[in-house]
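**Q** Encoded as C-alpha cells, here's the structure I'll be asking about.
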Amino acid sequence: MARSHTPQRLLGGPSRMSSHAERKLKLSIDDDFRLPRLPGTPLLRRLLLSTYYDTKFYDLANARITLGHRVERGKQSWQLKLPLGDDRQEVEMADNQTDPPAALRELLILHLAERKLVPIVRLRVWRSGILVRHGRVPVAEVALNHVTVVKQGTAIQHFHELEIERKQGDEASLRTLEQQLRDAGASNHDGRPQFFRALSLPAPIRPNPPEPKAPVVDHLKWSLTQHVGWLLAHDPGTRLGAEIESLHQMRVATRRLRAVLRTARPILIPAWVTPLEQELDWLSDLLGPVRDLDVQISYFMGEAAELDQRDRKLLEQFTSHFRGRRETAHQLLLSELSSTRYLGLIQRLRQTAQVPPVMELPLTISQLAGRAFKKLRKAIRRLKAAPSDAELHKIRILVKRARYAADLARWVVGKPAVRFIKAARATQDLLGIHQDAIQAERHVRQFLKYSTSVRAGFLAGRMVERQRHRRNLVRQEMKPRFKTLVKQGKKVWG
C-alpha cells in the first residue's frame, strides 16, 4: 500500500477542487465483527450519503473509475476516484449541484464520449473506526463501514466492509495491522466497488492471458488490449495534472504500445501499422518533456533537502524555474489531448486492439520477441571498452524494446522470459540513472544562467561533480549487468 499524500489544490483548476493519492485495503467482515484493541485515536461516528453515477453500461467502473456525490453533515461534494498505477487518486470538489460538474466530466471525455452519466445507486454509510498510531506517528486509518442500499427511500440491502488506509506507516507495520484484523475475523474482499456490491453485480472482468499455444493474433490482441486500457485509465489523471504518476503511467503505456507494434511489425499490414506508429511517436513526444521535467524536479528537490539553508534557497529558485517550464509543457499537452488528432488516435488504438491487421506469416510470438533480443545482443557485443554516452543511451532504448517484446511472449515462453524481463528491467533502471545524470548536469549548467553569484557557481560545480559520480557508478556496474542480461536472453532465444 502506498502512502496517502497530503491533499493539494489543483494548478489551473477550480479552487474548490483538491486531490490526494491513496491506497485502501478492503477486507470483508461479518455482522458481528468487532475491532480488536488497537493503539490510537477513535474516529467520530459519521453518516455519509453517497449517490454513485456512471453510464448505463458501467463504462467508468469497468475502467476502475468511480464518481459519486456525497453529503455529510449538510456539506455536499463530488468525489472522483481514478487509477494511479496500482493505487488510487481521489479528487474532491465542493459543489452543491446535483448533476456531475462539467470540470469532472471533461476529465472523463474518453470514457464517456456521448454517453450520459446517470445515478446508479444511493448508499447510506455509517462509518466508525480508529486512527492507529505508533507513538505520535499516524500509521493508518481503520474504518468500519455499515452500508445500507437505498431505493426510492426504502432500505433494500445491508452489508459491512472494513477499510485500511495508509497514512505514515511503513509496509511492515501495515502488514502487522492487517494480520491483527484478520485474526479478529476479517477475510479477503472480493474487489468489487461498493455500488457493484449494492447492485449484486460481478467485479469488472479482467481477461485472462491467452493459452501458450494460442495463435499469434490472440497474444497480440491481449497485449494491445491491456496497454490501451492502461493508457485510457490514466488519461483523466494526466489531464488533471495533480499526480505525476498518472502521466508517467500513461507514457509507459504509450511506450509499451509502440514496442508491441514494433515487435509484431513483420506480421502487420504496413499501410495500417506505419501511420499508427507515427501517431504514437507524436504522443510520446508530447508526454516526454513533461515527464523528464518531473524526474528532474524530483531529483533536485531531493538534493536541496540535503543542503544547508543558504544553498537550499539557491537550488529551490532553480527548481521553481523547472516548475514554470513544466506547467507550460503540461498546458501544451492538455491542448493536444483535446484535439481531433488525439481522439482519432484513441479510436484507432481501440480498433487495433479488437481486430489487429495481421497478415498470415509462419512466425511465432517467441520468434518475433527473439528478434528484439538479438538486436540488443549484437549492439552490446559492439560496445567499446569505454562507450560514449550516446552509445549507452542507444543500448538503453534497445533494452526497453527487448524487455517489452519479451513481455509479449512471456505466456508462451514462461519462466525463462520472466527472468529475462527482470534482468532487462534492472539494466534499464541502471542506464536510466546514467541518462538522468546527463540531463541533470545539462540543467545545472543552465542554473548558472539564472544566478551569477559566486556561491551559485560553487554550488553548480558541486552538483556537476555529483552527476559525474552517478555516471561513473553506473559504468562500474553495467558490464556485469549486460553479462547477466545476455545470459538470460540466450536461455530463451539462443
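Identifiers in the C-alpha cells: chain A, B, ... in order shown; residue index from 1 per chain; ligand index from 1 in order shown.
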Do a neighbour search on Ile29 in chain A at 12 Å with only C-alpha atoms, toss out local chain neighbours closer than 4 positions, and write the hits as a PDB file with N, CA and C atoms, in the first residue's frame.

**A**
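Result went into result05.pdb, see below:
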```pdb
ATOM      1  N   PHE A  33     -18.669  -8.592  13.598  1.00  0.00           N
ATOM      2  CA  PHE A  33     -17.238  -8.272  13.726  1.00  0.00           C
ATOM      3  C   PHE A  33     -17.036  -7.106  14.688  1.00  0.00           C
ATOM      4  N   ARG A  34     -16.000  -7.223  15.497  1.00  0.00           N
ATOM      5  CA  ARG A  34     -15.620  -6.128  16.400  1.00  0.00           C
ATOM      6  C   ARG A  34     -14.129  -5.851  16.218  1.00  0.00           C
ATOM      7  N   LEU A  35     -13.782  -4.578  16.218  1.00  0.00           N
ATOM      8  CA  LEU A  35     -12.382  -4.211  16.080  1.00  0.00           C
ATOM      9  C   LEU A  35     -11.593  -4.706  17.289  1.00  0.00           C
ATOM     10  N   ALA A 143     -11.331   1.835   9.174  1.00  0.00           N
ATOM     11  CA  ALA A 143     -12.729   2.283   9.177  1.00  0.00           C
ATOM     12  C   ALA A 143     -13.672   1.104   9.016  1.00  0.00           C
ATOM     13  N   LEU A 144     -14.691   1.062   9.871  1.00  0.00           N
ATOM     14  CA  LEU A 144     -15.790   0.109   9.764  1.00  0.00           C
ATOM     15  C   LEU A 144     -16.937   0.802   9.043  1.00  0.00           C
ATOM     16  N   ASN A 145     -17.356   0.261   7.903  1.00  0.00           N
ATOM     17  CA  ASN A 145     -18.451   0.835   7.127  1.00  0.00           C
ATOM     18  C   ASN A 145     -19.675  -0.060   7.220  1.00  0.00           C
ATOM     19  N   HIS A 146     -20.762   0.478   7.736  1.00  0.00           N
ATOM     20  CA  HIS A 146     -22.040  -0.218   7.778  1.00  0.00           C
ATOM     21  C   HIS A 146     -22.905   0.399   6.681  1.00  0.00           C
ATOM     22  N   PHE A 159     -24.863  -4.352   4.189  1.00  0.00           N
ATOM     23  CA  PHE A 159     -23.621  -5.120   4.258  1.00  0.00           C
ATOM     24  C   PHE A 159     -22.561  -4.295   4.983  1.00  0.00           C
ATOM     25  N   HIS A 160     -21.454  -4.959   5.325  1.00  0.00           N
ATOM     26  CA  HIS A 160     -20.401  -4.326   6.113  1.00  0.00           C
ATOM     27  C   HIS A 160     -19.060  -4.514   5.415  1.00  0.00           C
ATOM     28  N   GLU A 161     -18.192  -3.515   5.550  1.00  0.00           N
ATOM     29  CA  GLU A 161     -16.839  -3.580   4.992  1.00  0.00           C
ATOM     30  C   GLU A 161     -15.842  -2.973   5.971  1.00  0.00           C
ATOM     31  N   LEU A 162     -14.597  -3.413   5.848  1.00  0.00           N
ATOM     32  CA  LEU A 162     -13.513  -2.870   6.662  1.00  0.00           C
ATOM     33  C   LEU A 162     -12.467  -2.291   5.717  1.00  0.00           C
ATOM     34  N   GLU A 163     -12.035  -1.051   5.953  1.00  0.00           N
ATOM     35  CA  GLU A 163     -11.043  -0.379   5.111  1.00  0.00           C
ATOM     36  C   GLU A 163      -9.820  -0.005   5.936  1.00  0.00           C
ATOM     37  N   LEU A 181      -6.251  -7.695  12.163  1.00  0.00           N
ATOM     38  CA  LEU A 181      -7.655  -7.615  11.775  1.00  0.00           C
ATOM     39  C   LEU A 181      -8.154  -8.954  11.234  1.00  0.00           C
ATOM     40  N   ARG A 182      -7.285  -9.665  10.526  1.00  0.00           N
ATOM     41  CA  ARG A 182      -7.666 -10.996  10.043  1.00  0.00           C
ATOM     42  C   ARG A 182      -7.836 -11.953  11.224  1.00  0.00           C
ATOM     43  N   ASP A 183      -6.956 -11.843  12.215  1.00  0.00           N
ATOM     44  CA  ASP A 183      -7.068 -12.699  13.400  1.00  0.00           C
ATOM     45  C   ASP A 183      -8.378 -12.429  14.145  1.00  0.00           C
ATOM     46  N   ALA A 184      -8.890 -11.183  13.984  1.00  0.00           N
ATOM     47  CA  ALA A 184     -10.142 -10.827  14.662  1.00  0.00           C
ATOM     48  C   ALA A 184     -11.370 -11.254  13.865  1.00  0.00           C
ATOM     49  N   GLY A 185     -11.158 -11.803  12.665  1.00  0.00           N
ATOM     50  CA  GLY A 185     -12.289 -12.322  11.897  1.00  0.00           C
ATOM     51  C   GLY A 185     -12.461 -11.747  10.516  1.00  0.00           C
ATOM     52  N   ALA A 186     -11.655 -10.747  10.110  1.00  0.00           N
ATOM     53  CA  ALA A 186     -11.756 -10.180   8.758  1.00  0.00           C
ATOM     54  C   ALA A 186     -11.196 -11.176   7.744  1.00  0.00           C
ATOM     55  N   SER A 187     -11.682 -11.090   6.516  1.00  0.00           N
ATOM     56  CA  SER A 187     -11.243 -12.008   5.464  1.00  0.00           C
ATOM     57  C   SER A 187     -11.071 -11.257   4.146  1.00  0.00           C
ATOM     58  N   ASN A 188     -10.660 -11.963   3.109  1.00  0.00           N
ATOM     59  CA  ASN A 188     -10.417 -11.338   1.818  1.00  0.00           C
ATOM     60  C   ASN A 188     -11.678 -10.672   1.258  1.00  0.00           C
ATOM     61  N   HIS A 189     -11.474  -9.512   0.651  1.00  0.00           N
ATOM     62  CA  HIS A 189     -12.553  -8.792  -0.027  1.00  0.00           C
ATOM     63  C   HIS A 189     -12.622  -9.269  -1.472  1.00  0.00           C
ATOM     64  N   ASP A 190     -13.808  -9.224  -2.074  1.00  0.00           N
ATOM     65  CA  ASP A 190     -13.937  -9.715  -3.447  1.00  0.00           C
ATOM     66  C   ASP A 190     -13.549  -8.689  -4.500  1.00  0.00           C
TER      67      ASP A 190
END
```

**Q** Could you give me, as JSON, numbers by chain, each residue of range 292-430 of chain A that DSSP assigns to helix (DSSP H, G or I) when run on this structure's backbone?

**A** {"A": [292, 293, 294, 295, 296, 297, 298, 299, 300, 301, 302, 303, 304, 305, 309, 310, 311, 312, 313, 314, 315, 316, 317, 318, 319, 320, 321, 322, 323, 324, 325, 326, 327, 328, 329, 330, 331, 332, 333, 334, 335, 336, 337, 340, 341, 342, 343, 344, 345, 346, 347, 348, 349, 350, 351, 352, 353, 354, 365, 366, 367, 368, 369, 370, 371, 372, 373, 374, 375, 376, 377, 378, 379, 380, 381, 389, 390, 391, 392, 393, 394, 395, 396, 397, 398, 399, 400, 401, 402, 403, 404, 405, 406, 407, 408, 409, 410, 411, 412, 413, 415, 416, 417, 418, 419, 420, 421, 422, 423, 424, 425, 426, 427, 428, 429, 430]}

**Q** Using 9 Å as the limit and counting only C-alpha atoms, can you tabulate each residue of range 274-362 of chain A that touches range 103-124 of chain A, with its shortest atom-to-atom distance in Å and the two atoms involved, as a Markdown table?

**A**
```
| residue | atom | partner | partner_atom | distance |
| --- | --- | --- | --- | --- |
| A:Ser338 | CA | A:Ile109 | CA | 8.9 |
| A:Leu343 | CA | A:Leu110 | CA | 7.9 |
| A:Ile346 | CA | A:Leu110 | CA | 8.2 |
```

**Q** Would you output that residue set with C-alpha atoms, as a PDB file, in the first residue's frame?

**A**
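Writing done, so here's again02.pdb:
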```pdb
ATOM      1  CA  SER A 338      -8.421  17.698 -26.570  1.00  0.00           C
ATOM      2  CA  LEU A 343      -9.166  11.459 -30.208  1.00  0.00           C
ATOM      3  CA  ILE A 346      -7.509   6.648 -29.374  1.00  0.00           C
TER       4      ILE A 346
END
```

**Q** Would you compute the distance between CA of Pro83 in chain A and CA of Glu171 in chain A? Give it in Å to one decimal.

**A**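 Here the two named atoms are 20.7 Å from each other.
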
**Q** Quick one: residues within 8 Å of Gly370 in chain A, only C-alpha atoms counted, chain neighbours fewer than 6 positions away excluded, as a ChimeraX atom specification?

**A** /A:405-406,493

**Q** Would you put the residues from that selection into a file with N, CA and C atoms, as a short mmCIF file (atom, residue, chain, number, x, y, z; two decimals), in the first residue's frame?

**A**
```cif
data_model
loop_
_atom_site.label_atom_id
_atom_site.label_comp_id
_atom_site.auth_asym_id
_atom_site.auth_seq_id
_atom_site.Cartn_x
_atom_site.Cartn_y
_atom_site.Cartn_z
N ALA A 405 9.19 -6.65 -25.74
CA ALA A 405 8.95 -7.75 -26.68
C ALA A 405 8.86 -9.07 -25.92
N ALA A 406 9.74 -9.26 -24.93
CA ALA A 406 9.69 -10.47 -24.11
C ALA A 406 8.39 -10.54 -23.32
N TRP A 493 16.26 -17.48 -26.25
CA TRP A 493 16.30 -17.39 -27.71
C TRP A 493 17.60 -17.90 -28.33
#
```

**Q** Using only C-alpha atoms, which residues sit within 12 Å of Lys490 in chain A once same-chain residues fewer than 5 positions away are excluded, as an MDAnalysis selection string?

**A** chainID A and resid 370 373:374 376:377 416:417 419:420 483:485

**Q** With distances taken over only C-alpha atoms, which residue among A:Val142, A:Val355, A:Leu201, A:Leu177 lies nearest Thr41 in chain A?

**A**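 Closest to Thr41 in chain A, using only C-alpha atoms: A:Val142.
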
**Q** Write out as a list in words which residues come within 8 Å of Val273 in chain A when counting only C-alpha atoms, dropping same-chain ones fewer than 4 positions away.

**A**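 Counting only the stated atoms, we get Leu261, Arg265, Leu268, Ile269, Glu277 and Pro357 of chain A.
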
**Q** As an mmCIF file with C-alpha atoms, in the first residue's frame, please: every residue in range 142-248 of chain A that DSSP puts in strand (DSSP E).

**A**
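The resulting out05.cif:
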```
data_model
loop_
_atom_site.group_PDB
_atom_site.id
_atom_site.type_symbol
_atom_site.label_atom_id
_atom_site.label_comp_id
_atom_site.auth_asym_id
_atom_site.auth_seq_id
_atom_site.Cartn_x
_atom_site.Cartn_y
_atom_site.Cartn_z
ATOM 1 C CA VAL A 142 -9.075 1.664 10.060
ATOM 2 C CA ALA A 143 -12.729 2.283 9.177
ATOM 3 C CA LEU A 144 -15.790 0.109 9.764
ATOM 4 C CA ASN A 145 -18.451 0.835 7.127
ATOM 5 C CA HIS A 146 -22.040 -0.218 7.778
ATOM 6 C CA VAL A 147 -23.665 0.201 4.357
ATOM 7 C CA THR A 148 -27.363 0.441 3.559
ATOM 8 C CA VAL A 149 -28.577 0.379 -0.037
ATOM 9 C CA VAL A 150 -31.493 2.773 -0.510
ATOM 10 C CA LYS A 151 -34.007 2.627 -3.381
ATOM 11 C CA THR A 154 -36.519 2.243 1.211
ATOM 12 C CA ALA A 155 -33.591 0.185 2.546
ATOM 13 C CA ILE A 156 -33.276 -2.910 0.360
ATOM 14 C CA GLN A 157 -29.887 -4.329 1.433
ATOM 15 C CA HIS A 158 -27.276 -4.116 4.195
ATOM 16 C CA PHE A 159 -23.621 -5.120 4.258
ATOM 17 C CA HIS A 160 -20.401 -4.326 6.113
ATOM 18 C CA GLU A 161 -16.839 -3.580 4.992
ATOM 19 C CA LEU A 162 -13.513 -2.870 6.662
ATOM 20 C CA GLU A 163 -11.043 -0.379 5.111
ATOM 21 C CA ILE A 164 -7.397 0.240 5.961
ATOM 22 C CA GLU A 165 -5.999 3.467 4.525
ATOM 23 C CA ARG A 166 -2.294 4.068 4.921
ATOM 24 C CA SER A 187 -11.243 -12.008 5.464
ATOM 25 C CA ASN A 188 -10.417 -11.338 1.818
#
```
